$ cat run38.csv   # CSV, C-alpha atoms
chain,number,residue,atom,x,y,z
A,1,MET,CA,33.3,133.9,109.7
A,2,PRO,CA,36.5,132.7,108.1
A,3,ALA,CA,37.5,129.1,108.6
A,4,ALA,CA,40.0,128.4,111.4
A,5,ARG,CA,43.5,127.5,110.1
A,6,LYS,CA,44.7,124.1,110.9
A,7,PRO,CA,47.7,124.1,113.3
A,8,MET,CA,51.1,123.5,111.5
A,9,ARG,CA,52.6,120.1,112.1
A,10,THR,CA,55.7,121.4,113.7
A,11,ALA,CA,56.2,118.3,115.7
A,12,GLY,CA,56.3,116.1,112.5
A,13,ARG,CA,58.8,118.4,110.9
A,14,ALA,CA,61.0,118.5,113.9
A,15,LYS,CA,61.1,114.7,113.9
A,16,SER,CA,61.9,114.7,110.2
A,17,SER,CA,64.8,117.2,110.7
A,18,SER,CA,66.1,115.2,113.6
A,19,ALA,CA,66.1,112.0,111.5
A,20,ASN,CA,67.9,113.8,108.6
A,21,ALA,CA,70.5,115.1,111.0
A,22,GLN,CA,71.1,111.6,112.4
A,23,THR,CA,71.4,110.2,108.9
A,24,ALA,CA,73.8,112.9,107.9
A,25,ALA,CA,75.9,112.2,111.0
A,26,VAL,CA,76.3,108.6,109.9
A,27,VAL,CA,76.6,109.1,106.1
A,28,ILE,CA,79.0,112.1,106.0
A,29,PRO,CA,81.8,110.5,108.0
A,30,GLN,CA,81.5,107.4,105.8
A,31,LEU,CA,81.8,109.5,102.6
A,32,GLN,CA,84.7,111.3,104.1
A,33,ARG,CA,86.5,108.0,104.8
A,34,LEU,CA,85.8,106.9,101.2
A,35,LEU,CA,87.1,110.2,99.8
A,36,ALA,CA,90.0,110.4,102.3
A,37,PHE,CA,93.4,111.1,100.8
A,38,ASN,CA,95.5,108.0,100.3
A,39,ALA,CA,99.2,108.7,100.1
A,40,GLN,CA,100.1,105.5,98.1
A,41,THR,CA,97.3,106.2,95.6
A,42,PHE,CA,98.6,109.7,95.2
A,43,LEU,CA,102.1,108.3,94.4
A,44,ASP,CA,100.8,105.6,92.1
A,45,THR,CA,98.6,107.8,89.8
A,46,VAL,CA,98.8,110.7,87.4
A,47,GLY,CA,97.2,114.0,88.5
A,48,VAL,CA,97.6,117.7,88.8
A,49,GLY,CA,101.3,118.5,89.2
A,50,ARG,CA,102.5,114.9,89.0
A,51,PHE,CA,103.5,112.7,86.1
A,52,ILE,CA,104.7,109.1,85.6
A,53,GLY,CA,107.8,108.6,83.4
A,54,LYS,CA,109.0,105.3,81.9
A,55,TYR,CA,112.8,105.0,81.7
A,56,LYS,CA,114.9,102.3,80.0
A,57,LYS,CA,118.0,100.9,81.6
A,58,GLY,CA,120.8,103.5,81.4
A,59,GLU,CA,118.5,106.5,80.8
A,60,THR,CA,119.0,109.7,82.8
A,61,VAL,CA,116.2,111.2,85.0
A,62,PHE,CA,118.1,114.5,85.6
A,63,LEU,CA,121.7,115.7,85.3
A,64,GLN,CA,123.9,117.4,87.9
A,65,GLY,CA,123.3,121.1,87.4
A,66,ASP,CA,119.8,120.8,86.0
A,67,PRO,CA,117.1,123.0,87.7
A,68,ALA,CA,115.8,121.4,90.9
A,69,ASP,CA,112.0,121.9,90.5
A,70,ALA,CA,110.5,118.5,91.5
A,71,VAL,CA,110.6,115.6,93.8
A,72,PHE,CA,110.8,112.0,92.3
A,73,TYR,CA,109.3,108.8,93.6
A,74,ILE,CA,110.3,105.3,92.4
A,75,GLN,CA,107.3,103.1,91.6
A,76,LYS,CA,109.5,100.3,90.3
A,77,GLY,CA,113.1,99.9,89.2
A,78,LYS,CA,116.4,101.2,90.6
A,79,VAL,CA,118.0,104.6,90.5
A,80,GLN,CA,121.7,105.4,90.8
A,81,ILE,CA,122.7,108.8,92.3
A,82,MET,CA,126.1,109.9,91.1
A,83,VAL,CA,128.2,113.0,91.7
A,84,VAL,CA,131.0,114.2,89.4
A,85,SER,CA,133.7,116.5,90.9
A,86,LYS,CA,135.3,119.5,89.1
A,87,GLN,CA,138.2,117.3,88.3
A,88,GLY,CA,135.9,114.7,86.6
A,89,LYS,CA,136.1,112.1,89.3
A,90,GLU,CA,132.8,110.2,89.7
A,91,GLY,CA,131.3,108.8,92.9
A,92,VAL,CA,128.1,106.8,93.4
A,93,VAL,CA,126.4,108.2,96.6
A,94,ALA,CA,123.3,106.0,96.5
A,95,VAL,CA,121.4,103.3,94.8
A,96,LEU,CA,117.7,103.6,95.4
A,97,GLY,CA,114.8,101.2,94.9
A,98,PRO,CA,110.9,101.1,94.8
A,99,GLY,CA,109.2,103.2,97.5
A,100,GLU,CA,112.1,105.7,97.8
A,101,PHE,CA,112.2,109.4,96.9
A,102,PHE,CA,115.0,111.5,95.4
A,103,GLY,CA,115.5,115.1,94.3
A,104,GLU,CA,114.0,116.3,97.6
A,105,GLY,CA,116.7,119.0,97.9
A,106,CYS,CA,114.4,121.4,96.0
A,107,LEU,CA,112.1,121.5,99.0
A,108,ALA,CA,115.0,123.0,101.0
A,109,GLY,CA,115.6,125.7,98.4
A,110,GLN,CA,118.2,123.9,96.4
A,111,PRO,CA,118.1,125.7,93.0
A,112,ALA,CA,119.9,123.0,91.0
A,113,HIS,CA,120.6,119.3,91.3
A,114,ILE,CA,124.0,118.5,92.9
A,115,SER,CA,124.0,115.0,91.5
A,116,THR,CA,122.9,113.0,88.4
A,117,ALA,CA,120.1,110.4,88.7
A,118,SER,CA,120.0,107.5,86.2
A,119,VAL,CA,118.2,104.2,86.1
A,120,THR,CA,120.1,100.9,86.2
A,121,VAL,CA,117.1,98.8,85.1
A,122,ASP,CA,113.8,99.6,83.4
A,123,SER,CA,111.9,101.9,85.8
A,124,ALA,CA,108.7,103.8,86.4
A,125,ILE,CA,109.2,107.1,88.2
A,126,VAL,CA,106.7,109.7,89.4
A,127,LYS,CA,107.7,113.3,89.0
A,128,ILE,CA,105.9,115.6,91.5
A,129,GLU,CA,106.3,119.3,90.9
A,130,LYS,CA,107.8,121.2,93.8
A,131,GLN,CA,104.7,123.4,94.6
A,132,THR,CA,102.4,120.3,94.4
A,133,MET,CA,104.7,118.4,96.8
A,134,ILE,CA,104.8,121.4,99.2
A,135,ARG,CA,101.0,121.7,99.2
A,136,VAL,CA,100.3,118.0,99.8
A,137,LEU,CA,102.9,117.8,102.5
A,138,ARG,CA,101.2,120.7,104.2
A,139,ASP,CA,97.6,119.5,103.8
A,140,GLU,CA,97.9,115.7,104.0
A,141,PRO,CA,99.4,114.2,107.2
A,142,SER,CA,99.6,110.7,105.8
A,143,LEU,CA,102.0,111.7,103.0
A,144,SER,CA,103.9,113.9,105.5
A,145,GLN,CA,104.4,111.0,107.8
A,146,MET,CA,105.5,108.7,104.9
A,147,PHE,CA,107.9,111.3,103.6
A,148,MET,CA,109.3,112.1,107.1
A,149,SER,CA,109.9,108.4,107.6
A,150,PHE,CA,111.9,108.2,104.4
A,151,LEU,CA,114.0,111.2,105.3
A,152,LEU,CA,114.9,109.8,108.7
A,153,SER,CA,115.8,106.4,107.1
A,154,ARG,CA,117.9,108.2,104.5
A,155,ASN,CA,119.7,110.2,107.3
A,156,VAL,CA,120.5,107.0,109.2
A,157,GLN,CA,121.8,105.4,105.9
A,158,VAL,CA,124.0,108.4,105.2
A,159,GLU,CA,125.5,108.3,108.7
A,160,ALA,CA,126.1,104.6,108.4
A,161,ASP,CA,127.8,105.1,105.0
A,162,LEU,CA,130.1,107.8,106.5
A,163,ILE,CA,131.1,105.5,109.4
A,164,ASP,CA,131.7,102.7,106.9
A,165,HIS,CA,134.1,104.8,104.9
A,166,LEU,CA,135.9,106.1,107.9
A,167,PHE,CA,136.5,102.9,109.7
A,168,ASN,CA,136.0,99.9,107.5
A,169,SER,CA,138.3,98.4,104.8
A,170,SER,CA,137.3,98.4,101.1
A,171,GLU,CA,136.5,94.7,101.4
A,172,LYS,CA,134.0,95.3,104.2
A,173,ARG,CA,132.5,98.3,102.4
A,174,LEU,CA,131.9,96.2,99.3
A,175,ALA,CA,130.3,93.4,101.3
A,176,ARG,CA,128.0,95.9,103.0
A,177,ILE,CA,126.9,97.4,99.7
A,178,LEU,CA,126.2,94.0,98.2
A,179,LEU,CA,124.1,93.1,101.2
A,180,LEU,CA,122.2,96.4,101.0
A,181,LEU,CA,121.5,95.9,97.3
A,182,ALA,CA,120.1,92.4,98.1
A,183,ASN,CA,117.9,93.9,100.8
A,184,ILE,CA,119.5,91.9,103.6
A,185,GLY,CA,117.8,92.9,106.8
A,186,LYS,CA,114.8,94.6,105.1
A,187,GLU,CA,111.6,92.8,106.1
A,188,GLY,CA,113.5,89.5,106.2
A,189,ARG,CA,113.7,89.1,102.5
A,190,MET,CA,116.6,88.9,100.1
A,191,GLU,CA,116.6,89.7,96.4
A,192,SER,CA,118.8,88.8,93.5
A,193,VAL,CA,121.0,91.7,92.4
A,194,PRO,CA,121.1,92.7,88.7
A,195,ALA,CA,124.6,92.6,87.2
A,196,ILE,CA,126.5,95.7,88.3
A,197,ASN,CA,129.3,97.3,86.4
A,198,GLN,CA,132.5,97.0,88.6
A,199,GLU,CA,133.3,100.6,87.8
A,200,ILE,CA,130.1,101.7,89.5
A,201,LEU,CA,130.9,99.5,92.5
A,202,ALA,CA,134.4,100.9,92.7
A,203,ALA,CA,132.9,104.4,92.7
A,204,ARG,CA,130.5,103.5,95.4
A,205,VAL,CA,133.0,101.8,97.6
A,206,GLY,CA,135.7,104.3,97.0
A,207,THR,CA,138.5,102.1,95.6
A,208,THR,CA,139.8,100.9,92.3
A,209,ARG,CA,138.1,98.5,89.8
A,210,SER,CA,141.0,96.0,90.1
A,211,ARG,CA,140.3,95.8,93.9
A,212,ILE,CA,136.6,95.3,93.3
A,213,ASN,CA,137.4,92.5,90.8
A,214,PHE,CA,139.7,90.8,93.3
A,215,PHE,CA,137.2,90.9,96.2
A,216,MET,CA,134.2,89.8,93.9
A,217,ASN,CA,136.3,86.7,92.8
A,218,LYS,CA,137.2,86.1,96.4
A,219,PHE,CA,133.5,86.3,97.5
A,220,ARG,CA,132.5,83.9,94.7
A,221,LYS,CA,135.1,81.3,95.6
A,222,LEU,CA,134.1,81.4,99.2
A,223,GLY,CA,130.4,80.8,98.2
A,224,PHE,CA,129.2,84.2,99.5
A,225,ILE,CA,127.9,85.2,96.0
A,226,ASP,CA,127.1,83.3,92.8
A,227,TYR,CA,125.9,84.2,89.3
A,228,ASN,CA,123.1,82.6,87.4
A,229,GLY,CA,122.4,82.5,83.6
A,230,SER,CA,120.0,85.4,83.6
A,231,GLY,CA,122.8,87.9,84.4
A,232,THR,CA,121.9,88.4,88.0
A,233,MET,CA,123.9,87.8,91.1
A,234,HIS,CA,122.6,86.0,94.3
A,235,VAL,CA,124.0,87.3,97.6
A,236,HIS,CA,124.1,84.8,100.4
A,237,THR,CA,123.6,85.8,104.0
A,238,SER,CA,127.0,84.2,104.8
A,239,LEU,CA,128.5,87.4,103.3
A,240,LEU,CA,127.7,89.0,106.7
A,241,ASN,CA,130.7,87.1,108.0
A,242,VAL,CA,133.0,89.5,106.1
A,243,ILE,CA,131.5,92.4,108.1
A,244,VAL,CA,131.2,90.9,111.6
A,245,HIS,CA,134.6,89.2,111.6
A,246,ASP,CA,138.0,90.8,111.2
$ encode --input "run38.csv" --output "structure tokens"
Amino acid sequence: MPAARKPMRTAGRAKSSSANAQTAAVVIPQLQRLLAFNAQTFLDTVGVGRFIGKYKKGETVFLQGDPADAVFYIQKGKVQIMVVSKQGKEGVVAVLGPGEFFGEGCLAGQPAHISTASVTVDSAIVKIEKQTMIRVLRDEPSLSQMFMSFLLSRNVQVEADLIDHLFNSSEKRLARILLLLANIGKEGRMESVPAINQEILAARVGTTRSRINFFMNKFRKLGFIDYNGSGTMHVHTSLLNVIVHD
């Protein structure tokens, strides 16, 4: 008679499968966390649809009227956003620093840039192609939250600028801009401000260069600002007195 077959060790296999499943349940989430999308890493590195450009002081990132096909992120440096009217009048609408975006109008269907972006100091800027930015904003909540926070902050800033121009004198507007450039009120720190052309300040404040020169001299004599040998300006918190007092 044929030899009887040995019973299959189904119990042992079942235990092995159970152990493998338990291991997978522990290991897979750990791998997922390790491979999780990191918004800051995405903005700090080169990859598909994004590039890092190095710009020297005074160089242009894009011109008013250029095709709007990308969003830009400032890794380091400062970017000035300027608009030129049909009559040739220039106006500085924003001065941006590290951690801020610009050129985001392309995401709303803007076909061409309505302003010119140039760097005021040596800068490193990430260019993110429009379709790449749309995809990542859709798929990665961490970057979406970061970008939304930026947009809300920008909206608050625009409203504050509008109120400033409507109701404050040119002296107060200049004081506010200098305080913003020195990061007064941002995380409790204050930075020295690189030397700024008074023509640029005049365009940003909405007044003449001679008025800017008058107020800057006044602020210096009152001890609100001072200059050092490296070509930078130090803004003191006492400059707040210009804004809070008539």
$ atom_distance --input "run38.csv" --atom1 "CA of Arg204 in chain A" --atom2 "CA of Gly91 in chain A"
5.9 Å
$ atom_distance --input "run38.csv" --atom1 "CA of Lys127 in chain A" --atom2 "CA of Lys86 in chain A"
28.3 Å
$ closest_atom_pairs --input "run38.csv" --of "range 91-174 of chain A" --to "range 44-63 of chain A" --cutoff "12 Å" --atoms "only C-alpha atoms" --output "JSON lines"
{"residue": "A:Pro98", "atom": "CA", "partner": "A:Asp44", "partner_atom": "CA", "distance": 11.4}
{"residue": "A:Gly99", "atom": "CA", "partner": "A:Asp44", "partner_atom": "CA", "distance": 10.3}
{"residue": "A:Phe102", "atom": "CA", "partner": "A:Val61", "partner_atom": "CA", "distance": 10.5}
{"residue": "A:Gly103", "atom": "CA", "partner": "A:Phe62", "partner_atom": "CA", "distance": 9.1}
{"residue": "A:Ala112", "atom": "CA", "partner": "A:Leu63", "partner_atom": "CA", "distance": 9.4}
{"residue": "A:His113", "atom": "CA", "partner": "A:Leu63", "partner_atom": "CA", "distance": 7.1}
{"residue": "A:Ile114", "atom": "CA", "partner": "A:Leu63", "partner_atom": "CA", "distance": 8.4}
{"residue": "A:Ser115", "atom": "CA", "partner": "A:Leu63", "partner_atom": "CA", "distance": 6.6}
{"residue": "A:Thr116", "atom": "CA", "partner": "A:Leu63", "partner_atom": "CA", "distance": 4.3}
{"residue": "A:Ala117", "atom": "CA", "partner": "A:Val61", "partner_atom": "CA", "distance": 5.4}
{"residue": "A:Ser118", "atom": "CA", "partner": "A:Thr60", "partner_atom": "CA", "distance": 4.2}
{"residue": "A:Val119", "atom": "CA", "partner": "A:Gly58", "partner_atom": "CA", "distance": 5.4}
{"residue": "A:Thr120", "atom": "CA", "partner": "A:Lys57", "partner_atom": "CA", "distance": 5.1}
{"residue": "A:Val121", "atom": "CA", "partner": "A:Lys57", "partner_atom": "CA", "distance": 4.2}
{"residue": "A:Asp122", "atom": "CA", "partner": "A:Lys56", "partner_atom": "CA", "distance": 4.5}
{"residue": "A:Ser123", "atom": "CA", "partner": "A:Tyr55", "partner_atom": "CA", "distance": 5.2}
{"residue": "A:Ala124", "atom": "CA", "partner": "A:Lys54", "partner_atom": "CA", "distance": 4.8}
{"residue": "A:Ile125", "atom": "CA", "partner": "A:Gly53", "partner_atom": "CA", "distance": 5.2}
{"residue": "A:Val126", "atom": "CA", "partner": "A:Ile52", "partner_atom": "CA", "distance": 4.3}
{"residue": "A:Lys127", "atom": "CA", "partner": "A:Phe51", "partner_atom": "CA", "distance": 5.1}
{"residue": "A:Ile128", "atom": "CA", "partner": "A:Arg50", "partner_atom": "CA", "distance": 4.3}
{"residue": "A:Glu129", "atom": "CA", "partner": "A:Gly49", "partner_atom": "CA", "distance": 5.3}
{"residue": "A:Lys130", "atom": "CA", "partner": "A:Gly49", "partner_atom": "CA", "distance": 8.4}
{"residue": "A:Gln131", "atom": "CA", "partner": "A:Gly49", "partner_atom": "CA", "distance": 8.0}
{"residue": "A:Thr132", "atom": "CA", "partner": "A:Gly49", "partner_atom": "CA", "distance": 5.6}
{"residue": "A:Met133", "atom": "CA", "partner": "A:Gly49", "partner_atom": "CA", "distance": 8.3}
{"residue": "A:Ile134", "atom": "CA", "partner": "A:Gly49", "partner_atom": "CA", "distance": 11.0}
{"residue": "A:Arg135", "atom": "CA", "partner": "A:Gly49", "partner_atom": "CA", "distance": 10.5}
{"residue": "A:Val136", "atom": "CA", "partner": "A:Gly49", "partner_atom": "CA", "distance": 10.7}
$ atom_distance --input "run38.csv" --atom1 "CA of Phe101 in chain A" --atom2 "CA of Ile74 in chain A"
6.4 Å
$ residues_around --input "run38.csv" --residues "Gln110 in chain A" --least-positions-apart "4" --cutoff "10 Å" --atoms "all atoms listed in the file" --output "number ranges by chain"
A: 67-69, 103-106, 114
$ write_last_selection --input "run38.csv" --atoms "C-alpha atoms" --output "short mmCIF file (atom, residue, chain, number, x, y, z; two decimals), keeping the file's coordinate frame"
data_model
loop_
_atom_site.label_atom_id
_atom_site.label_comp_id
_atom_site.auth_asym_id
_atom_site.auth_seq_id
_atom_site.Cartn_x
_atom_site.Cartn_y
_atom_site.Cartn_z
CA PRO A 67 117.10 123.00 87.70
CA ALA A 68 115.80 121.40 90.90
CA ASP A 69 112.00 121.90 90.50
CA GLY A 103 115.50 115.10 94.30
CA GLU A 104 114.00 116.30 97.60
CA GLY A 105 116.70 119.00 97.90
CA CYS A 106 114.40 121.40 96.00
CA ILE A 114 124.00 118.50 92.90
#
$ residues_around --input "run38.csv" --residues "range 174-183 of chain A" --least-positions-apart "6" --cutoff "8 Å" --atoms "all atoms listed in the file" --output "compact mmCIF listing (two decimals) with C-alpha atoms, keeping the file's coordinate frame"
# COMPACT_ATOMS: atom_id res chain seq x y z
CA VAL A 95 121.40 103.30 94.80
CA ARG A 189 113.70 89.10 102.50
CA MET A 190 116.60 88.90 100.10
CA GLU A 191 116.60 89.70 96.40
CA SER A 192 118.80 88.80 93.50
CA VAL A 193 121.00 91.70 92.40
CA LEU A 201 130.90 99.50 92.50
CA VAL A 205 133.00 101.80 97.60
CA ILE A 212 136.60 95.30 93.30
CA HIS A 234 122.60 86.00 94.30
CA VAL A 235 124.00 87.30 97.60
CA THR A 237 123.60 85.80 104.00
CA LEU A 239 128.50 87.40 103.30
CA LEU A 240 127.70 89.00 106.70
CA VAL A 242 133.00 89.50 106.10
CA ILE A 243 131.50 92.40 108.10
$ residues_around --input "run38.csv" --residues "range 147-159 of chain A" --least-positions-apart "2" --cutoff "10 Å" --atoms "only C-alpha atoms" --output "ChimeraX atom specification"
/A:39,93-94,99-102,104,137,141-145,161-164
$ residues_around --input "run38.csv" --residues "Tyr227 in chain A" --least-positions-apart "2" --cutoff "12 Å" --atoms "only C-alpha atoms" --output "MDAnalysis selection string"
chainID A and resid 192:196 216:217 219:221 223:225 229:236
$ write_last_selection --input "run38.csv" --atoms "C-alpha atoms" --output "mmCIF file, in the coordinates of the input"
data_model
loop_
_atom_site.group_PDB
_atom_site.id
_atom_site.type_symbol
_atom_site.label_atom_id
_atom_site.label_comp_id
_atom_site.auth_asym_id
_atom_site.auth_seq_id
_atom_site.Cartn_x
_atom_site.Cartn_y
_atom_site.Cartn_z
ATOM 1 C CA SER A 192 118.800 88.800 93.500
ATOM 2 C CA VAL A 193 121.000 91.700 92.400
ATOM 3 C CA PRO A 194 121.100 92.700 88.700
ATOM 4 C CA ALA A 195 124.600 92.600 87.200
ATOM 5 C CA ILE A 196 126.500 95.700 88.300
ATOM 6 C CA MET A 216 134.200 89.800 93.900
ATOM 7 C CA ASN A 217 136.300 86.700 92.800
ATOM 8 C CA PHE A 219 133.500 86.300 97.500
ATOM 9 C CA ARG A 220 132.500 83.900 94.700
ATOM 10 C CA LYS A 221 135.100 81.300 95.600
ATOM 11 C CA GLY A 223 130.400 80.800 98.200
ATOM 12 C CA PHE A 224 129.200 84.200 99.500
ATOM 13 C CA ILE A 225 127.900 85.200 96.000
ATOM 14 C CA GLY A 229 122.400 82.500 83.600
ATOM 15 C CA SER A 230 120.000 85.400 83.600
ATOM 16 C CA GLY A 231 122.800 87.900 84.400
ATOM 17 C CA THR A 232 121.900 88.400 88.000
ATOM 18 C CA MET A 233 123.900 87.800 91.100
ATOM 19 C CA HIS A 234 122.600 86.000 94.300
ATOM 20 C CA VAL A 235 124.000 87.300 97.600
ATOM 21 C CA HIS A 236 124.100 84.800 100.400
#
$ closest_residue --input "run38.csv" --among "A:Phe167, A:Val244, A:Gly97, A:Asn197" --to "Ile81 in chain A" --atoms "all atoms listed in the file"
A:Gly97
$ closest_residue --input "run38.csv" --among "A:Val92, A:Met146, A:Val83, A:Leu107" --to "Thr207 in chain A" --atoms "only C-alpha atoms"
A:Val92
$ closest_residue --input "run38.csv" --among "A:Phe42, A:Gly88, A:Ile200, A:Asp226" --to "Tyr73 in chain A" --atoms "all atoms listed in the file"
A:Phe42
$ decode --input "run38.csv" --residues "range 38-60 of chain A" --atoms "N, CA and C atoms" --output "mmCIF file, in the first residue's frame"
data_model
loop_
_atom_site.group_PDB
_atom_site.id
_atom_site.type_symbol
_atom_site.label_atom_id
_atom_site.label_comp_id
_atom_site.auth_asym_id
_atom_site.auth_seq_id
_atom_site.Cartn_x
_atom_site.Cartn_y
_atom_site.Cartn_z
ATOM 1 N N ASN A 38 8.449 66.281 2.404
ATOM 2 C CA ASN A 38 8.844 67.368 3.275
ATOM 3 C C ASN A 38 8.834 68.657 2.449
ATOM 4 N N ALA A 39 7.944 69.569 2.833
ATOM 5 C CA ALA A 39 7.764 70.788 2.041
ATOM 6 C C ALA A 39 9.046 71.600 1.949
ATOM 7 N N GLN A 40 9.764 71.739 3.069
ATOM 8 C CA GLN A 40 10.969 72.556 3.064
ATOM 9 C C GLN A 40 12.074 71.918 2.223
ATOM 10 N N THR A 41 12.182 70.581 2.283
ATOM 11 C CA THR A 41 13.169 69.880 1.451
ATOM 12 C C THR A 41 12.847 70.083 -0.021
ATOM 13 N N PHE A 42 11.578 70.021 -0.354
ATOM 14 C CA PHE A 42 11.144 70.246 -1.736
ATOM 15 C C PHE A 42 11.580 71.620 -2.216
ATOM 16 N N LEU A 43 11.466 72.625 -1.353
ATOM 17 C CA LEU A 43 11.793 74.002 -1.728
ATOM 18 C C LEU A 43 13.293 74.291 -1.675
ATOM 19 N N ASP A 44 14.045 73.409 -1.042
ATOM 20 C CA ASP A 44 15.488 73.641 -0.885
ATOM 21 C C ASP A 44 16.339 72.847 -1.862
ATOM 22 N N THR A 45 15.715 72.004 -2.688
ATOM 23 C CA THR A 45 16.472 71.124 -3.559
ATOM 24 C C THR A 45 16.023 71.236 -5.008
ATOM 25 N N VAL A 46 16.890 70.736 -5.900
ATOM 26 C CA VAL A 46 16.572 70.684 -7.332
ATOM 27 C C VAL A 46 15.865 69.372 -7.616
ATOM 28 N N GLY A 47 14.893 69.387 -8.519
ATOM 29 C CA GLY A 47 14.173 68.173 -8.884
ATOM 30 C C GLY A 47 13.391 68.397 -10.153
ATOM 31 N N VAL A 48 12.493 67.474 -10.449
ATOM 32 C CA VAL A 48 11.682 67.571 -11.655
ATOM 33 C C VAL A 48 10.795 68.817 -11.577
ATOM 34 N N GLY A 49 10.940 69.685 -12.549
ATOM 35 C CA GLY A 49 10.096 70.875 -12.617
ATOM 36 C C GLY A 49 10.496 72.001 -11.687
ATOM 37 N N ARG A 50 11.660 71.906 -11.071
ATOM 38 C CA ARG A 50 12.110 73.007 -10.209
ATOM 39 C C ARG A 50 13.629 73.161 -10.306
ATOM 40 N N PHE A 51 14.060 74.412 -10.255
ATOM 41 C CA PHE A 51 15.466 74.754 -10.463
ATOM 42 C C PHE A 51 15.864 75.857 -9.496
ATOM 43 N N ILE A 52 17.139 75.904 -9.163
ATOM 44 C CA ILE A 52 17.646 76.943 -8.277
ATOM 45 C C ILE A 52 18.523 77.889 -9.083
ATOM 46 N N GLY A 53 18.192 79.168 -9.025
ATOM 47 C CA GLY A 53 18.968 80.176 -9.734
ATOM 48 C C GLY A 53 19.740 81.048 -8.768
ATOM 49 N N LYS A 54 20.968 81.387 -9.130
ATOM 50 C CA LYS A 54 21.792 82.295 -8.330
ATOM 51 C C LYS A 54 21.809 83.659 -9.021
ATOM 52 N N TYR A 55 21.444 84.691 -8.288
ATOM 53 C CA TYR A 55 21.346 86.029 -8.857
ATOM 54 C C TYR A 55 22.263 86.990 -8.108
ATOM 55 N N LYS A 56 22.953 87.823 -8.867
ATOM 56 C CA LYS A 56 23.775 88.867 -8.293
ATOM 57 C C LYS A 56 22.929 90.116 -8.048
ATOM 58 N N LYS A 57 23.364 90.935 -7.106
ATOM 59 C CA LYS A 57 22.649 92.165 -6.774
ATOM 60 C C LYS A 57 22.324 92.962 -8.034
ATOM 61 N N GLY A 58 21.054 93.327 -8.181
ATOM 62 C CA GLY A 58 20.626 94.128 -9.317
ATOM 63 C C GLY A 58 20.107 93.330 -10.498
ATOM 64 N N GLU A 59 20.313 92.020 -10.504
ATOM 65 C CA GLU A 59 19.845 91.206 -11.621
ATOM 66 C C GLU A 59 18.329 91.018 -11.570
ATOM 67 N N THR A 60 17.751 90.786 -12.735
ATOM 68 C CA THR A 60 16.299 90.643 -12.873
ATOM 69 C C THR A 60 15.906 89.172 -12.916
#
